[in-house]
Amino acid sequence: MFKKILIANRGEIAVRIIRACKELGAVTIAVYSDADRRSLHVALADEAYHIGPPAPAESYLVIDKIIDVAKKSGAEAIHPGFGFLSENEEFAKRCEKEGIVFIGPSAEAIRLMGDKITARKIAQKSKVPLVPGSDGAVTDVEASGVADKIGYPVMIKASAGGGGKGMRLVRDKEEFESSLRMAKSEARSSFGDDSVFVERFVEQPRHVEIQIIADTHGNTLHLFERECSIQRRHQKVIEEAPSSAISAKTRKKMGEVAVRIAKAVNYSGAGTVEFIMDQKENFYFLEMNTRVQVEHPVTEMITGFDIVKWMVRIADGEKLPFKQKDLEINGWAVECRVYAEDPETNFMPSPGLLQYVKAPSGPGIRDDSSIYSGCEITSYYDPMLSKLVVWADSREAAIDKMASALREYVVLGVKTNIGFLIRVMNNEEFRQGKLDTGFIERHPELLTPGEVDIEPALIAAALAVDDVEETTETEKAPQSNWKLLARKASLSGGSLI
Amino acid sequence: MFKKILIANRGEIAVRIIRACKELGAVTIAVYSDADRRSLHVALADEAYHIGPPAPAESYLVIDKIIDVAKKSGAEAIHPGFGFLSENEEFAKRCEKEGIVFIGPSAEAIRLMGDKITARKIAQKSKVPLVPGSDGAVTDVEASGVADKIGYPVMIKASAGGGGKGMRLVRDKEEFESSLRMAKSEARSSFGDDSVFVERFVEQPRHVEIQIIADTHGNTLHLFERECSIQRRHQKVIEEAPSSAISAKTRKKMGEVAVRIAKAVNYSGAGTVEFIMDQKENFYFLEMNTRVQVEHPVTEMITGFDIVKWMVRIADGEKLPFKQKDLEINGWAVECRVYAEDPETNFMPSPGLLQYVKAPSGPGIRDDSSIYSGCEITSYYDPMLSKLVVWADSREAAIDKMASALREYVVLGVKTNIGFLIRVMNNEEFRQGKLDTGFIERHPELLTPGEVDIEPALIAAALAVDDVEETTETEKAPQSNWKLLARKASLSGGSLI
Amino acid sequence: MTYTLKIKDKVFSIEVDREKEQTFVKINDKEIPVEFEKIDDNLYSIILEGKSLTIGVLKDGKKLQVFMDGDLFIIEAISERDQRKSSQVLSGVQEIKSPMPSRVVKILKDVGDEVTADEGVAVVEAMKMESELKSPIEGKVTEVLVNEGDAVEAETTLLIVSSED
Amino acid sequence: MTYTLKIKDKVFSIEVDREKEQTFVKINDKEIPVEFEKIDDNLYSIILEGKSLTIGVLKDGKKLQVFMDGDLFIIEAISERDQRKSSQVLSGVQEIKSPMPSRVVKILKDVGDEVTADEGVAVVEAMKMESELKSPIEGKVTEVLVNEGDAVEAETTLLIVSSED
């Protein structure tokens, strides 16, 4: 095992990786920007080195600085986490050049999957299903034939398009000609180019992805699927594993397809193959992420497999000790991403000082976070506060547990999406597993507290104001309960120690 | 399911039960003494009722008061937790009389197992192995024959004895006559009664116990064993599941024996059959605890079975949905009991104000506790602060994880056994699984920090003192970091909300 | 002591009576016995006729942040003078500021354009997300101080809207 | 600024130099650059030549509780006068007190009995556990103020030991 590992990241994922490396017996090395001196990943690591100003482009993204710390500290390997340099081909190459192990796939695999067109080609070659379409611009004559072939509903999209302009949803053949005309005319006036292509319209799409784990000895396995359909702004908010929408047959097929694409690029380490899936379990390749995923914990919870530890072991040359047939799904896991953001104003980030944090705990509850009372959420980085993950023996029990756990969370100082997440857990459609990527847009009522009984909040506020008034009246300086208690302790039990 | 459940307990087990009941959709009712108004179980419950002064005999042990709250609040069932009224036959009877469901076995089962002599008789009748012995006082003539029969080494014990007086360990037949003479003479002079009995001496005994779960439909299953040999003052400190000392064959046999004794008293709910086991896997019945055990989490971690939730479901008449053959052990779990006590002074309790608490978290870590910064550990109740439980895929990984997690714990205000627990995790004998109930006594070196590098502690102390001096010098009032940050926040990001 | 609390647009009057052995709270014409304890600096455990509630409270200048069941409520404790003021329509000159360091993506209004209350006037991007900034009042844009594409610090004034002609 | 810190019986001298841009600490004749931050009121993050340490510190009257890697160290910051005093043998009249509400199980010494430093003088029981109370000094028992079986409050004097004849 590596004696020293550098973690080239920050926040909860750096904390997650540091814990895993420590448990593996390695000395952990953290890096931090000016904004992160007081961050938990610095406090938890065995060594910590400053790498510059808060802006990622001047610290976490500067390859030279990371390599420099690795050399100075004697790190044998670097775990990049997600984001930052995790899918940077140049960084992986540089590590190799410097004789430092990059904990992840080869630079070549990163390159191939990083380019969307190349990835699509590889998928096609590996017989991985793609959203059926015209494969590039079509003439008016071809268009209708393509639509017939792929089947309605279809989407006509401007080749030069973007932002919804020059796009037409066509539900049946009769509408096709007129829709094509309108799309082309709109495309011409918007982009000066009327070429269009035709694609199957995936209705009520789900986002389902397969976790891949592959060692350097030719073993490429999948750890089943994750359902990540609850999204806002195309970013996942709630994830679960397994998915309630897929049959054992589809699961097997999807897993095989994902393993095939991973093998096509000689993948090693942890990776994720993402699919879009319709409500009839037809699924199509979206992309492959060549790194650990934010939502990896749900897979860990249902398999007992520690993905981060195995990434390190695989980079160290270790062989996976089991085969696909040895793996099975156990229970159900749900993850909620707790963000400093305001659901009432379109999930606008709410950076600031977390003046008070009280996190839930107990059986089946995993809180992957790096926050604490007094820490600051700056606007330099992602406003995610915590990944709250629960496990239970059934989906219903997991949702009930998540709702209970979320209700134990207390965060003061910034706006959070906790109330919103609680309402999603209690939503009947969600509980029935009727998910698709349009869920949040379809349920604006979940964004606000709605008709709650605010009397207790008002009473608490009045008591708090009254507390201050009381103290002022009796001419005492405001004194915290803590201090009063501390004094009490020093009078009685304090002598014990 | 019950609509309302009263939890007749306090501390972490009350918190554990409240969480389980909430997840089951029940309204939870807490009771509290004067000393517990600020306790977490009160804050977490849906309803809370005061039941008197701190002394248990005037609050948590007063049957009338508990029943009174149950009636007033409309509770349909009562979960007694452990300790207090949990093994009180009268309380179980009273619940029955009042038409309230007691979440536990029948009053009759509590009675039978509560009396040690009756329990021993039932065990004997159920062909449950007991420590071989003379079954009462023996004459000089019989004694030697009994010793031959049960096999050496044996223990000669004064019938009227106690406190080690009149006890003799005999390793082989040659010593027997002289040892018997001495034991009798000592017994005569100490107790005025020279009758003795002979019992097999269990060398380096382990404490191994079997978790029983039984529904009211005749299904009595076991959830495998827990190893609880690491004890101080005959109280468990570290528990694990499974045990590294027993073979699959012994596990099966021990489980069957435990199920047999549970069936003999028509047991329902969760219970534990405790055994003493020698280093050759011979095991003997000690007693049966007719309640949930402190260390139940390790069993939950390796089985995925929520013992507390199932206690409630079983009391509600639900049937266990699986058979013994469906159950299997998955991975390894270790529990450390974090106490407010001082290992350096024979584990003397250290009550007081927990002025600061920082608990570990992350994958595979479960912290069952009810403490928080500012809570008070009074001398009225058990000084247990937390049950830190970890799960990993192997014993070694679980121990590594526990060591890492313990190192993340920070507790200020009282002495704790955290450092001691870390040293046990790093002890070679412990890591090799060479456990017996004499482990702690055999390792006094684990009680103190030993030769650690205290330079960092001294530097931290000097910096802390210097911090105060600095502030005083610049004529500022001492100001906490928190306040400085709060002010900073109100200047910048505060307007966001 | 009676307190006037404002939450969003609603105003409540709450009386706290600590004179008796038991504290009473009067709200919406109901008088409720209340038993409360501060668990730590920011957490109140309140028992209202048996019901146990745990509520986070943070004093944030004149306002109170109250956290209950996942939602953060901003409650303003207002004096009588403030109360009179709040009953009037919001008016005057308002500066539209960037809430955090961000990039100006779009300026939606030019100088002289009329805006209604709550109408978007600019779009900024921070933390990879776009947000629309709205005018709190009805009026006219009197100044635009930044250009699209500008990187701005927190609290930078982007536009000024005035309700006065 | 130089501080004298006492931990158990050992005395250390530590110099903190904040004059320069970088804070330096001098301990055991080594001068070490130290980079530190308070994470919250009680937690210090200290970086010593790359090594990251997280140490809990609580000021408890004249003493400091320092929590490091699971162990709590009680450190006394002592003045010069205190220092002189501590070099002498502990003596005088010592009251042996119950550390918490407990029951007196056994009185191990009678009036007039000689005791050595650290010798047990009484056994008390609290929280179902027995603990032996020891004399901090060598001397004679001059008074026994309680009986076996008594229930006593915290800080009750049980015996008095005196080193003076």
# chains A, B, ... in the order shown; residues from 1 in each chain; ligands from 1
$ interface_residues --of "chain B" --to "chain A" --cutoff "8 Å" --atoms "only C-alpha atoms" --output "PyMOL selection string"
chain B and resi 16+19+22-24+44+297+304-305+350-353+355+361-369+374+392-393+397+400-401+404+408+413-415+482+485-486+489+493-494+496-497
$ closest_atom_pairs --of "chain C" --to "chain A" --cutoff "8 Å" --atoms "only C-alpha atoms" --output "Markdown table"
| residue | atom | partner | partner_atom | distance |
| --- | --- | --- | --- | --- |
| C:Met1 | CA | A:Asp466 | CA | 7.7 |
| C:Tyr3 | CA | A:Ala462 | CA | 6.6 |
| C:Leu5 | CA | A:Leu458 | CA | 7.4 |
| C:Ile14 | CA | A:Ala462 | CA | 6.8 |
| C:Glu15 | CA | A:Ala462 | CA | 7.9 |
| C:Val16 | CA | A:Leu463 | CA | 7.1 |
| C:Val25 | CA | A:Ile459 | CA | 7.3 |
| C:Ile27 | CA | A:Glu455 | CA | 7.8 |
| C:Lys38 | CA | A:Asn481 | CA | 7.2 |
| C:Asp40 | CA | A:Asn481 | CA | 6.6 |
| C:Asp41 | CA | A:Ser480 | CA | 6.4 |
| C:Asn42 | CA | A:Tyr356 | CA | 7.1 |
| C:Tyr44 | CA | A:Ala460 | CA | 7.2 |
| C:Ile46 | CA | A:Ala460 | CA | 7.7 |
| C:Leu53 | CA | A:Pro456 | CA | 7.7 |
| C:Ile55 | CA | A:Ala460 | CA | 6.9 |
| C:Gly56 | CA | A:Val410 | CA | 6.6 |
| C:Val57 | CA | A:Ala461 | CA | 7.0 |
| C:Leu58 | CA | A:Leu412 | CA | 6.6 |
| C:Leu64 | CA | A:Ala461 | CA | 6.9 |
| C:Gln65 | CA | A:Leu412 | CA | 6.9 |
| C:Val66 | CA | A:Ala457 | CA | 6.2 |
| C:Phe67 | CA | A:Val410 | CA | 6.7 |
| C:Met68 | CA | A:Ala457 | CA | 6.7 |
| C:Asp69 | CA | A:Arg407 | CA | 5.2 |
| C:Gly70 | CA | A:Gly419 | CA | 3.9 |
| C:Asp71 | CA | A:Gly419 | CA | 4.7 |
| C:Leu72 | CA | A:Lys415 | CA | 6.6 |
| C:Phe73 | CA | A:Ala457 | CA | 7.7 |
| C:Ile75 | CA | A:Ala461 | CA | 7.4 |
| C:Ala77 | CA | A:Val465 | CA | 7.9 |
| C:Met100 | CA | A:Ser379 | CA | 6.9 |
| C:Pro101 | CA | A:Ser379 | CA | 7.0 |
| C:Ala126 | CA | A:Ser379 | CA | 7.2 |
| C:Met127 | CA | A:Asp382 | CA | 6.2 |
| C:Met129 | CA | A:Met348 | CA | 7.6 |
| C:Glu130 | CA | A:Met348 | CA | 8.0 |
| C:Ser131 | CA | A:Met348 | CA | 6.3 |
$ write_last_selection --atoms "N, CA and C atoms" --output "JSON list (two decimals), in the first residue's frame"
[["chain", "number", "residue", "atom", "x", "y", "z"],
["C", 1, "MET", "N", -44.70, 41.20, 28.59],
["C", 1, "MET", "CA", -44.15, 41.96, 27.46],
["C", 1, "MET", "C", -44.78, 41.49, 26.15],
["C", 3, "TYR", "N", -44.72, 41.48, 21.98],
["C", 3, "TYR", "CA", -43.82, 41.67, 20.84],
["C", 3, "TYR", "C", -44.59, 41.62, 19.54],
["C", 5, "LEU", "N", -44.18, 40.70, 15.77],
["C", 5, "LEU", "CA", -43.27, 39.96, 14.90],
["C", 5, "LEU", "C", -43.81, 39.94, 13.48],
["C", 14, "ILE", "N", -47.46, 38.91, 19.89],
["C", 14, "ILE", "CA", -47.27, 37.82, 20.85],
["C", 14, "ILE", "C", -46.91, 38.37, 22.22],
["C", 15, "GLU", "N", -47.62, 37.88, 23.22],
["C", 15, "GLU", "CA", -47.38, 38.34, 24.57],
["C", 15, "GLU", "C", -46.66, 37.23, 25.34],
["C", 16, "VAL", "N", -45.57, 37.58, 25.99],
["C", 16, "VAL", "CA", -44.87, 36.61, 26.83],
["C", 16, "VAL", "C", -45.04, 37.04, 28.28],
["C", 25, "VAL", "N", -47.72, 32.18, 26.95],
["C", 25, "VAL", "CA", -47.58, 32.92, 25.71],
["C", 25, "VAL", "C", -48.98, 33.12, 25.16],
["C", 27, "ILE", "N", -51.01, 34.13, 21.85],
["C", 27, "ILE", "CA", -50.90, 34.33, 20.40],
["C", 27, "ILE", "C", -52.23, 33.99, 19.76],
["C", 38, "LYS", "N", -33.16, 26.51, 26.86],
["C", 38, "LYS", "CA", -32.17, 26.65, 25.81],
["C", 38, "LYS", "C", -31.26, 25.43, 25.91],
["C", 40, "ASP", "N", -28.68, 24.74, 23.69],
["C", 40, "ASP", "CA", -27.39, 25.44, 23.61],
["C", 40, "ASP", "C", -27.68, 26.83, 23.07],
["C", 41, "ASP", "N", -26.66, 27.58, 22.74],
["C", 41, "ASP", "CA", -26.86, 28.97, 22.36],
["C", 41, "ASP", "C", -27.95, 29.17, 21.32],
["C", 42, "ASN", "N", -28.13, 28.20, 20.43],
["C", 42, "ASN", "CA", -29.03, 28.42, 19.31],
["C", 42, "ASN", "C", -30.22, 27.47, 19.23],
["C", 44, "TYR", "N", -33.63, 25.96, 21.01],
["C", 44, "TYR", "CA", -34.65, 26.01, 22.07],
["C", 44, "TYR", "C", -35.46, 24.72, 22.07],
["C", 46, "ILE", "N", -38.91, 23.52, 23.36],
["C", 46, "ILE", "CA", -40.14, 24.13, 23.85],
["C", 46, "ILE", "C", -41.19, 23.05, 24.04],
["C", 53, "LEU", "N", -41.08, 20.61, 20.94],
["C", 53, "LEU", "CA", -40.60, 21.21, 19.70],
["C", 53, "LEU", "C", -39.16, 21.64, 19.89],
["C", 55, "ILE", "N", -36.41, 24.05, 18.19],
["C", 55, "ILE", "CA", -36.38, 25.12, 17.20],
["C", 55, "ILE", "C", -35.05, 25.87, 17.30],
["C", 56, "GLY", "N", -34.41, 26.04, 16.15],
["C", 56, "GLY", "CA", -33.16, 26.79, 16.09],
["C", 56, "GLY", "C", -33.44, 28.28, 15.98],
["C", 57, "VAL", "N", -32.75, 29.08, 16.74],
["C", 57, "VAL", "CA", -32.95, 30.53, 16.69],
["C", 57, "VAL", "C", -31.60, 31.23, 16.64],
["C", 58, "LEU", "N", -31.46, 32.15, 15.69],
["C", 58, "LEU", "CA", -30.23, 32.94, 15.59],
["C", 58, "LEU", "C", -30.61, 34.40, 15.45],
["C", 64, "LEU", "N", -34.46, 37.76, 13.13],
["C", 64, "LEU", "CA", -34.23, 36.47, 13.77],
["C", 64, "LEU", "C", -34.33, 35.40, 12.70],
["C", 65, "GLN", "N", -33.37, 34.51, 12.69],
["C", 65, "GLN", "CA", -33.50, 33.33, 11.84],
["C", 65, "GLN", "C", -34.10, 32.25, 12.73],
["C", 66, "VAL", "N", -35.24, 31.70, 12.31],
["C", 66, "VAL", "CA", -35.87, 30.64, 13.08],
["C", 66, "VAL", "C", -35.95, 29.39, 12.20],
["C", 67, "PHE", "N", -35.34, 28.31, 12.67],
["C", 67, "PHE", "CA", -35.27, 27.09, 11.88],
["C", 67, "PHE", "C", -36.19, 26.05, 12.48],
["C", 68, "MET", "N", -37.16, 25.61, 11.70],
["C", 68, "MET", "CA", -38.14, 24.66, 12.22],
["C", 68, "MET", "C", -38.46, 23.63, 11.14],
["C", 69, "ASP", "N", -38.28, 22.35, 11.45],
["C", 69, "ASP", "CA", -38.61, 21.27, 10.52],
["C", 69, "ASP", "C", -38.04, 21.49, 9.12],
["C", 70, "GLY", "N", -36.79, 21.93, 9.06],
["C", 70, "GLY", "CA", -36.13, 22.04, 7.76],
["C", 70, "GLY", "C", -36.23, 23.39, 7.10],
["C", 71, "ASP", "N", -37.17, 24.23, 7.56],
["C", 71, "ASP", "CA", -37.32, 25.53, 6.93],
["C", 71, "ASP", "C", -36.81, 26.66, 7.81],
["C", 72, "LEU", "N", -36.19, 27.64, 7.15],
["C", 72, "LEU", "CA", -35.66, 28.80, 7.85],
["C", 72, "LEU", "C", -36.63, 29.95, 7.66],
["C", 73, "PHE", "N", -37.15, 30.46, 8.75],
["C", 73, "PHE", "CA", -38.06, 31.59, 8.67],
["C", 73, "PHE", "C", -37.32, 32.84, 9.14],
["C", 75, "ILE", "N", -37.74, 36.24, 10.75],
["C", 75, "ILE", "CA", -38.75, 36.96, 11.52],
["C", 75, "ILE", "C", -38.16, 38.27, 12.00],
["C", 77, "ALA", "N", -38.52, 41.45, 14.46],
["C", 77, "ALA", "CA", -39.19, 41.98, 15.64],
["C", 77, "ALA", "C", -39.28, 43.48, 15.42],
["C", 100, "MET", "N", -23.36, 38.42, -4.36],
["C", 100, "MET", "CA", -22.08, 37.74, -4.11],
["C", 100, "MET", "C", -21.16, 38.01, -5.28],
["C", 101, "PRO", "N", -19.89, 37.66, -5.17],
["C", 101, "PRO", "CA", -19.00, 37.87, -6.32],
["C", 101, "PRO", "C", -19.57, 37.11, -7.51],
["C", 126, "ALA", "N", -22.98, 33.06, -10.66],
["C", 126, "ALA", "CA", -21.99, 32.77, -9.62],
["C", 126, "ALA", "C", -22.10, 31.30, -9.32],
["C", 127, "MET", "N", -21.03, 30.66, -8.94],
["C", 127, "MET", "CA", -21.05, 29.24, -8.61],
["C", 127, "MET", "C", -21.71, 28.45, -9.72],
["C", 129, "MET", "N", -24.07, 29.09, -11.59],
["C", 129, "MET", "CA", -25.51, 29.18, -11.71],
["C", 129, "MET", "C", -25.95, 30.61, -12.00],
["C", 130, "GLU", "N", -26.96, 30.74, -12.85],
["C", 130, "GLU", "CA", -27.47, 32.07, -13.14],
["C", 130, "GLU", "C", -28.61, 32.42, -12.21],
["C", 131, "SER", "N", -28.67, 33.66, -11.81],
["C", 131, "SER", "CA", -29.79, 34.10, -10.98],
["C", 131, "SER", "C", -30.26, 35.45, -11.50]]
$ select_by_dssp --residues "range 246-475 of chain A" --states "strand (DSSP E)" --output "mmCIF file with C-alpha atoms, in the first residue's frame"
data_model
loop_
_atom_site.group_PDB
_atom_site.id
_atom_site.type_symbol
_atom_site.label_atom_id
_atom_site.label_comp_id
_atom_site.auth_asym_id
_atom_site.auth_seq_id
_atom_site.Cartn_x
_atom_site.Cartn_y
_atom_site.Cartn_z
ATOM 1 C CA GLY A 269 -10.627 2.219 -11.162
ATOM 2 C CA ALA A 270 -14.124 3.579 -10.461
ATOM 3 C CA GLY A 271 -16.231 5.114 -13.205
ATOM 4 C CA THR A 272 -19.852 5.749 -14.047
ATOM 5 C CA VAL A 273 -21.754 5.124 -17.249
ATOM 6 C CA GLU A 274 -24.761 7.418 -17.443
ATOM 7 C CA PHE A 275 -27.953 6.602 -19.313
ATOM 8 C CA ILE A 276 -31.193 8.321 -20.126
ATOM 9 C CA MET A 277 -34.118 5.930 -19.733
ATOM 10 C CA PHE A 283 -32.150 3.269 -22.144
ATOM 11 C CA TYR A 284 -29.556 5.211 -24.116
ATOM 12 C CA PHE A 285 -25.932 6.099 -23.410
ATOM 13 C CA LEU A 286 -25.296 9.684 -22.279
ATOM 14 C CA GLU A 287 -21.666 9.774 -21.141
ATOM 15 C CA MET A 288 -19.063 8.116 -18.960
ATOM 16 C CA ASN A 289 -17.611 9.928 -15.961
ATOM 17 C CA TRP A 332 -32.174 0.385 -0.286
ATOM 18 C CA ALA A 333 -30.180 3.612 -0.014
ATOM 19 C CA VAL A 334 -31.193 7.231 -0.599
ATOM 20 C CA GLU A 335 -28.943 10.284 -0.722
ATOM 21 C CA CYS A 336 -30.039 13.903 -0.352
ATOM 22 C CA ARG A 337 -27.645 16.677 -1.218
ATOM 23 C CA VAL A 338 -28.057 19.407 1.329
ATOM 24 C CA TYR A 339 -27.216 22.728 -0.308
ATOM 25 C CA GLU A 341 -29.393 27.555 -1.529
ATOM 26 C CA ASP A 342 -32.868 28.995 -1.556
ATOM 27 C CA MET A 348 -30.070 30.488 -5.779
ATOM 28 C CA PRO A 349 -26.873 29.798 -3.808
ATOM 29 C CA GLY A 352 -22.304 32.741 4.221
ATOM 30 C CA LEU A 353 -21.268 31.729 7.682
ATOM 31 C CA LEU A 354 -22.842 28.538 9.051
ATOM 32 C CA TYR A 356 -24.888 26.765 13.795
ATOM 33 C CA VAL A 357 -25.035 23.191 12.540
ATOM 34 C CA LYS A 358 -26.630 20.171 14.154
ATOM 35 C CA ILE A 365 -27.519 7.240 8.723
ATOM 36 C CA ARG A 366 -24.370 8.469 7.025
ATOM 37 C CA ASP A 367 -23.624 12.150 6.878
ATOM 38 C CA ASP A 368 -20.791 12.828 4.430
ATOM 39 C CA SER A 369 -20.018 16.443 5.066
ATOM 40 C CA CYS A 375 -17.461 27.256 9.139
ATOM 41 C CA GLU A 376 -17.906 29.467 6.130
ATOM 42 C CA ILE A 377 -19.513 28.601 2.804
ATOM 43 C CA MET A 384 -23.095 21.697 -1.096
ATOM 44 C CA LEU A 385 -23.161 21.369 2.704
ATOM 45 C CA SER A 386 -23.622 17.662 3.150
ATOM 46 C CA LYS A 387 -24.585 14.424 1.513
ATOM 47 C CA LEU A 388 -27.064 12.829 3.840
ATOM 48 C CA VAL A 389 -27.319 9.131 3.040
ATOM 49 C CA VAL A 390 -29.587 6.538 4.630
ATOM 50 C CA TRP A 391 -29.910 2.795 4.331
ATOM 51 C CA ALA A 392 -32.884 0.612 5.224
ATOM 52 C CA VAL A 410 -30.589 22.264 12.040
ATOM 53 C CA VAL A 411 -28.634 24.861 10.064
ATOM 54 C CA LEU A 412 -28.559 28.549 10.919
#
$ residues_around --residues "Lys51 in chain D" --least-positions-apart "6" --cutoff "8 Å" --atoms "only C-alpha atoms" --output "VMD selection string"
chain A and resid 46 to 48
$ calpha_fit_rmsd --fixed "chain C" --moving "chain D"
0.1 Å
